[in-house]
Amino acid sequence: MARWLKPSLNWLLPLTPAVIALRYLAPESHVPLFVLAGIAIIPLAGWMGKATEHLADRTGEALGGLLNATFGNMAELIIGIMALREGLTEVVKASLTGSILGNALLVLGASMLGGGLKYRTQTFNAAGARSMATALTLAAIALVAPAVYHQLAGEPGAAREGALSLEISVVLLVTYALSLLFSLHTHQPLFTREAAESRPEPAHDMWSVRKAMAILVGATAVVSWLAEILVRSVEPAALELGMTEVFIGVVIVAIVGNAAEHSTAILMALDDRMDLSMGIAIGSSVQIALFAAPVLVLLSYAIGPAPMDLVFTPAEVVAVAVAVVIVGQVAEDGQSHWLEGVQLLAVYAILALMFYFLPESAITVE
Amino acid sequence: MARWLKPSLNWLLPLTPAVIALRYLAPESHVPLFVLAGIAIIPLAGWMGKATEHLADRTGEALGGLLNATFGNMAELIIGIMALREGLTEVVKASLTGSILGNALLVLGASMLGGGLKYRTQTFNAAGARSMATALTLAAIALVAPAVYHQLAGEPGAAREGALSLEISVVLLVTYALSLLFSLHTHQPLFTREAAESRPEPAHDMWSVRKAMAILVGATAVVSWLAEILVRSVEPAALELGMTEVFIGVVIVAIVGNAAEHSTAILMALDDRMDLSMGIAIGSSVQIALFAAPVLVLLSYAIGPAPMDLVFTPAEVVAVAVAVVIVGQVAEDGQSHWLEGVQLLAVYAILALMFYFLPESAITVE
Amino acid sequence: MARWLKPSLNWLLPLTPAVIALRYLAPESHVPLFVLAGIAIIPLAGWMGKATEHLADRTGEALGGLLNATFGNMAELIIGIMALREGLTEVVKASLTGSILGNALLVLGASMLGGGLKYRTQTFNAAGARSMATALTLAAIALVAPAVYHQLAGEPGAAREGALSLEISVVLLVTYALSLLFSLHTHQPLFTREAAESRPEPAHDMWSVRKAMAILVGATAVVSWLAEILVRSVEPAALELGMTEVFIGVVIVAIVGNAAEHSTAILMALDDRMDLSMGIAIGSSVQIALFAAPVLVLLSYAIGPAPMDLVFTPAEVVAVAVAVVIVGQVAEDGQSHWLEGVQLLAVYAILALMFYFLPESAITVE
């Protein structure tokens, strides 16, 4: 895979110490930090993709996809925890929504477009994709319910929003645990294609699981660090560019925070491994909604100055709902082509435009 | 089927006269009436399941499923008529919503979970399931439209809500009649699997259609009676337990009122007859929305102190809409496994939590 | 095909000059103009159907469907431009919504019902149908986003609604151009069935492409003219009959403006060519949303007294959303039968009733 990428991208690796140096030497130069950190992530994400691919060759695509989603989302979880500590619950929620939209629309769309330009029609395990799409629907319902409650209950119900969010979080975590049991244990073969067996032996020499894991963990750690620098610089940088905080949370942070998944999923699609690509894209959305969101709610009681609830803004609710519907349509047939990628990207663009134009006053949960 | 159930469950049959006695001797002991009537229903529902199975062996699974749904919903229709007589239109509407949600999420979820724990993957006729899912979508649209009208038309449109509900009811009844014509006459084989023919001859000796019908009708009558006692006791009982009227209508009444379908659908799933199980679960939801709801609207002009419309509360509209989307996703592929059951149950739990927390003021149609 | 139609329908052709005469001799006789123009369209639409069929025999069903949709919608585009010139942006938007609903629900429903009464089960290319359904979902999201923005942004965001609509229009047009590239060039075979090759040679002697094109263009021109007379007479005529302007825009104009597609799609369904029928019905909806709507937005800056935005009323948003969901369900399985036609028509009837009852005050975007 992508042997042609290696020579060029590794030249970007020295950017990482440069970003770190800049971070400490000129912490106020937000725009350069933002741009450089973003570029510095790319080669590391490439290494993560390579390591994941080697692992996937050894562990099966489902587990490989899960590993990838976990490592990608760990960065987001860490960022979320830090934001919670500072009481920025609205920013955390916006970045959760943004990550769900970014993975399900932007990452999946770019993967289907990229893969579709190279291969006429790409196939994936429809049963596995449908299962993820159903999990995403469940997740969307869980994130919609508190917002509906908030709109309907008004003043008299406000006191119980925390309790409702807390109990929904427990439902989500139980469902997530059972989903892992399902995909990794009882129904693992559902997530691997029969066709996978006919795949020719990969030409490159395989890394050991140990080496692949070490590189994956190491690259993830550095990417997390860079992503954090990015996120911290993105807000002041974007303000210099005249964007609202909401647009940053939902769109910019999500693009940046999912850069690792983004590049890995596209590389997998370019290698015609759509099962892995979709496992990363949709799987990350599911994992954020079913795992990161409830964990952050629970953690907010321990570490935050104020507890976080799951009451999202109406714009976020509509965006997640329409994303779920179109992802369900795209995932159901086990085939993808480039136009589906274009359609997902068009939906992402429309939603991003909506968030871009929305005034600050319209987004906060009143 | 379930030969192991018979010895234990039949011991519960004497509860029925006990409940009836209690009903007349201590009509105010709501909590005991509630608990005992609920338990007393179980063996009768077992007999209904047995009778339905025998009928289904003779008439085909589609007709068997229809019979079951009819007998199960007849109880609800009777309860609805009685509530209409007393002018409790909001309670009737809440129990309609609750029955739709209960059948489509709780009963189907429990069936898929139960069956899925026993069988790795269960298959069903995807064309029939999709047809029912489409009917459910139609039903949801019919129940959403008057609520949208109510929100938009406001004061000037209030006078015409009754007429709109009445005409939508006529559309629903015509569609329902045509659906019966379709599933029972013109396209009956669509609802039976080819694989059904390869089913081994059932070992137990078959009941005659007459005997099965007699037991089905008799058990249904007693279950209806018990369900009514349950429903009448459930409100004061629940108030003692500190629940709101809305939660009772949407959640408790629905669980209780669908106990028969619930147990039969699960028993069918445990017997790997998912077509029958889904026919009961989704079919009951469809039948309530396409048949019971419009019939009750029409009857309300004849028997009620006030006519009933189809204006549901926003919480009910959202709940039905999300239920339809996830049921459509689960039904479309002709396969089920235990995680799909868990996901449906999780959605039910989230919606139930939302209704539980909603204050009374937020649910009534203002 | 439809050789039995020719003798009777062609007797209606002399109605065309009669309508044109009436238009100039008695321009105020709105009800007769409305009725006669509607009837006069029928034989011309029959000729369009014949010409399209001949073209489709030569060019493949996908291109034939596209030609048909283009010619049918060209009339609507012309009507839209004229209405824009007079500043009737709300009427234009209502007719866009109505055309989407009319094609996706009424035309498709009537086709599936008509074809289903003649053939037990009709099959179509599921991949092509799904692709159109996904495009329709994308279109619905694009039309929903500005309305959501409008509801949320309120006063402070009103100034930017035009810019949001403009940018979404650009996204839609780019997507539409790429969709054409996809369906006509890179993935053209996706939209034609393998089974099409086994179709027996058509018995009637084929028209040349030139002759078919000439008749198609000529008939389209006259139908456009008649449709315009219809549309101009329909408002005063309907007011005489006591209907609101909104109902006229969404329901009556849509039925009339899509008469050509309507009859052609049904004739194709009766000839068991469901791919062509669905290409006309869903394809027209997609084309209106992805092509006509953004073109009219862009043109409104050039030709109108006031620019048009894409802020639809909440009733329209809900109607389009539910239409998209049920069309997606019906299209996904590659099969249709008469009940699906009934269900689509029932949804159309329910939405039409809702628009009929809605008071004028509730529909305008405040």
# chains A, B, ... in the order shown; residues from 1 in each chain; ligands from 1
call {"tool": "closest_atom_pairs", "arguments": {"of": "chain C", "to": "chain B", "cutoff": "7 Å", "atoms": "only C-alpha atoms", "output": "Markdown table"}}
result
| residue | atom | partner | partner_atom | distance |
| --- | --- | --- | --- | --- |
| C:Val322 | CA | B:Ile141 | CA | 6.8 |
| C:Ile326 | CA | B:Thr137 | CA | 6.6 |
| C:Gln329 | CA | B:Thr134 | CA | 6.4 |
| C:Leu339 | CA | B:Phe182 | CA | 6.7 |
| C:Val342 | CA | B:Thr175 | CA | 7.0 |
| C:Gln343 | CA | B:Leu138 | CA | 6.7 |
| C:Ala346 | CA | B:Val171 | CA | 6.4 |
| C:Val347 | CA | B:Leu138 | CA | 6.3 |
| C:Ile350 | CA | B:Ile168 | CA | 6.0 |
| C:Leu353 | CA | B:Leu164 | CA | 6.8 |
| C:Met354 | CA | B:Tyr149 | CA | 6.5 |
| C:Phe357 | CA | B:Leu164 | CA | 6.9 |
| C:Leu358 | CA | B:Ala153 | CA | 5.9 |
| C:Pro359 | CA | B:Gly157 | CA | 6.1 |
| C:Ala362 | CA | B:Ala153 | CA | 5.0 |
call {"tool": "atom_distance", "arguments": {"atom1": "atom CA of His54 of chain A", "atom2": "atom CA of Met278 of chain A"}}
result
17.4 Å
call {"tool": "atom_distance", "arguments": {"atom1": "atom CA of Lys118 of chain B", "atom2": "atom CA of Ala219 of chain B"}}
result
28.0 Å
call {"tool": "residues_around", "arguments": {"residues": "Ala21 of chain B", "least_positions_apart": "4", "cutoff": "12 Å", "atoms": "only C-alpha atoms", "output": "PyMOL selection string"}}
result
chain B and resi 14-17+25-27+29+33+36-37+226+229
call {"tool": "select_by_dssp", "arguments": {"residues": "segment 259-308 of chain A", "states": "helix (DSSP H, G or I)", "output": "MDAnalysis selection string"}}
result
chainID A and resid 259:270 274:303
call {"tool": "atom_distance", "arguments": {"atom1": "atom CA of Ser277 of chain B", "atom2": "atom CA of Gly38 of chain B"}}
result
21.5 Å
call {"tool": "residues_around", "arguments": {"residues": "Tyr348 of chain A", "least_positions_apart": "4", "cutoff": "8 Å", "atoms": "only C-alpha atoms", "output": "PyMOL selection string"}}
result
chain A and resi 101-102+105-106+344+352
call {"tool": "residues_around", "arguments": {"residues": "Gln122 of chain B", "least_positions_apart": "4", "cutoff": "12 Å", "atoms": "only C-alpha atoms", "output": "list in words"}}
result
Ser111, Met112, Leu113, Gly114, Gly115, Gly116, Leu117, Lys118, Ala126, Met268, Ala269, Leu270, Asp271, Asp272, Arg273, Met274, Asp275, Ser277, Met278, Ala331, Asp333, Gly334, Gln335, Ser336, His337, Trp338, Leu339, Glu340 and Gly341 of chain B
call {"tool": "write_last_selection", "arguments": {"atoms": "C-alpha atoms", "output": "tab-separated table (two decimals), in the first residue's frame"}}
result
chain	number	residue	atom	x	y	z
B	111	SER	CA	-37.75	-11.33	20.56
B	112	MET	CA	-34.55	-10.63	18.68
B	113	LEU	CA	-32.53	-10.73	21.88
B	114	GLY	CA	-34.18	-13.93	23.13
B	115	GLY	CA	-34.03	-15.69	19.78
B	116	GLY	CA	-30.53	-14.38	19.13
B	117	LEU	CA	-29.19	-15.81	22.37
B	118	LYS	CA	-30.41	-19.24	21.26
B	126	ALA	CA	-37.03	-9.55	4.11
B	268	MET	CA	-41.93	-17.76	18.34
B	269	ALA	CA	-38.44	-16.24	18.25
B	270	LEU	CA	-37.16	-18.92	20.63
B	271	ASP	CA	-38.63	-21.46	18.20
B	272	ASP	CA	-36.66	-19.71	15.38
B	273	ARG	CA	-39.83	-18.64	13.62
B	274	MET	CA	-38.85	-15.02	13.15
B	275	ASP	CA	-41.42	-14.37	10.42
B	277	SER	CA	-42.42	-13.16	15.62
B	278	MET	CA	-41.96	-10.06	13.46
B	331	ALA	CA	-36.04	-5.12	9.31
B	333	ASP	CA	-31.90	-7.18	5.69
B	334	GLY	CA	-33.84	-10.31	6.52
B	335	GLN	CA	-31.46	-11.24	9.33
B	336	SER	CA	-31.43	-10.66	13.05
B	337	HIS	CA	-29.03	-11.35	15.87
B	338	TRP	CA	-28.98	-10.56	19.55
B	339	LEU	CA	-27.29	-7.16	19.29
B	340	GLU	CA	-30.16	-5.82	17.19
B	341	GLY	CA	-32.43	-6.85	20.04
call {"tool": "residues_around", "arguments": {"residues": "Ala292 of chain C", "least_positions_apart": "6", "cutoff": "12 Å", "atoms": "only C-alpha atoms", "output": "NGL selection string"}}
result
:C and (69-70 or 72-81 or 92-93 or 95-97 or 99-100 or 139 or 169 or 172-173 or 176 or 284-286 or 298-300 or 310)
call {"tool": "residues_around", "arguments": {"residues": "Pro236 of chain A", "least_positions_apart": "2", "cutoff": "12 Å", "atoms": "only C-alpha atoms", "output": "NGL selection string"}}
result
:A and (27-34 or 229-234 or 238-245 or 248)
call {"tool": "decode", "arguments": {"residues": "segment 41-58 of chain B", "atoms": "N, CA and C atoms", "output": "PDB file, in the first residue's frame"}}
result
ATOM      1  N   ILE B  41     -51.742 -13.125  33.632  1.00  0.00           N
ATOM      2  CA  ILE B  41     -51.822 -13.109  32.168  1.00  0.00           C
ATOM      3  C   ILE B  41     -50.837 -14.102  31.547  1.00  0.00           C
ATOM      4  N   ILE B  42     -49.728 -14.332  32.215  1.00  0.00           N
ATOM      5  CA  ILE B  42     -48.641 -15.085  31.587  1.00  0.00           C
ATOM      6  C   ILE B  42     -49.069 -16.474  31.113  1.00  0.00           C
ATOM      7  N   PRO B  43     -49.693 -17.307  31.968  1.00  0.00           N
ATOM      8  CA  PRO B  43     -50.040 -18.645  31.455  1.00  0.00           C
ATOM      9  C   PRO B  43     -51.072 -18.590  30.331  1.00  0.00           C
ATOM     10  N   LEU B  44     -52.001 -17.637  30.427  1.00  0.00           N
ATOM     11  CA  LEU B  44     -53.006 -17.519  29.368  1.00  0.00           C
ATOM     12  C   LEU B  44     -52.347 -17.124  28.055  1.00  0.00           C
ATOM     13  N   ALA B  45     -51.389 -16.212  28.175  1.00  0.00           N
ATOM     14  CA  ALA B  45     -50.660 -15.824  26.957  1.00  0.00           C
ATOM     15  C   ALA B  45     -49.910 -17.020  26.400  1.00  0.00           C
ATOM     16  N   GLY B  46     -49.426 -17.890  27.305  1.00  0.00           N
ATOM     17  CA  GLY B  46     -48.788 -19.122  26.855  1.00  0.00           C
ATOM     18  C   GLY B  46     -49.751 -19.977  26.048  1.00  0.00           C
ATOM     19  N   TRP B  47     -50.977 -20.103  26.546  1.00  0.00           N
ATOM     20  CA  TRP B  47     -51.984 -20.869  25.807  1.00  0.00           C
ATOM     21  C   TRP B  47     -52.313 -20.206  24.475  1.00  0.00           C
ATOM     22  N   MET B  48     -52.370 -18.868  24.489  1.00  0.00           N
ATOM     23  CA  MET B  48     -52.609 -18.173  23.224  1.00  0.00           C
ATOM     24  C   MET B  48     -51.488 -18.478  22.227  1.00  0.00           C
ATOM     25  N   GLY B  49     -50.274 -18.494  22.752  1.00  0.00           N
ATOM     26  CA  GLY B  49     -49.144 -18.791  21.879  1.00  0.00           C
ATOM     27  C   GLY B  49     -49.254 -20.186  21.294  1.00  0.00           C
ATOM     28  N   LYS B  50     -49.611 -21.158  22.170  1.00  0.00           N
ATOM     29  CA  LYS B  50     -49.766 -22.533  21.696  1.00  0.00           C
ATOM     30  C   LYS B  50     -50.852 -22.615  20.624  1.00  0.00           C
ATOM     31  N   ALA B  51     -51.985 -21.981  20.903  1.00  0.00           N
ATOM     32  CA  ALA B  51     -53.100 -22.055  19.956  1.00  0.00           C
ATOM     33  C   ALA B  51     -52.716 -21.391  18.641  1.00  0.00           C
ATOM     34  N   THR B  52     -52.017 -20.261  18.755  1.00  0.00           N
ATOM     35  CA  THR B  52     -51.603 -19.565  17.539  1.00  0.00           C
ATOM     36  C   THR B  52     -50.648 -20.414  16.732  1.00  0.00           C
ATOM     37  N   GLU B  53     -49.770 -21.101  17.456  1.00  0.00           N
ATOM     38  CA  GLU B  53     -48.810 -21.946  16.759  1.00  0.00           C
ATOM     39  C   GLU B  53     -49.522 -23.071  16.006  1.00  0.00           C
ATOM     40  N   HIS B  54     -50.490 -23.662  16.666  1.00  0.00           N
ATOM     41  CA  HIS B  54     -51.232 -24.727  15.994  1.00  0.00           C
ATOM     42  C   HIS B  54     -51.967 -24.185  14.775  1.00  0.00           C
ATOM     43  N   LEU B  55     -52.579 -23.011  14.946  1.00  0.00           N
ATOM     44  CA  LEU B  55     -53.266 -22.394  13.814  1.00  0.00           C
ATOM     45  C   LEU B  55     -52.280 -22.077  12.697  1.00  0.00           C
ATOM     46  N   ALA B  56     -51.128 -21.550  13.098  1.00  0.00           N
ATOM     47  CA  ALA B  56     -50.142 -21.152  12.094  1.00  0.00           C
ATOM     48  C   ALA B  56     -49.648 -22.365  11.323  1.00  0.00           C
ATOM     49  N   ASP B  57     -49.539 -23.506  12.018  1.00  0.00           N
ATOM     50  CA  ASP B  57     -49.135 -24.725  11.320  1.00  0.00           C
ATOM     51  C   ASP B  57     -50.140 -25.077  10.226  1.00  0.00           C
ATOM     52  N   ARG B  58     -51.387 -24.676  10.424  1.00  0.00           N
ATOM     53  CA  ARG B  58     -52.418 -25.058   9.463  1.00  0.00           C
ATOM     54  C   ARG B  58     -52.698 -23.961   8.438  1.00  0.00           C
TER      55      ARG B  58
END
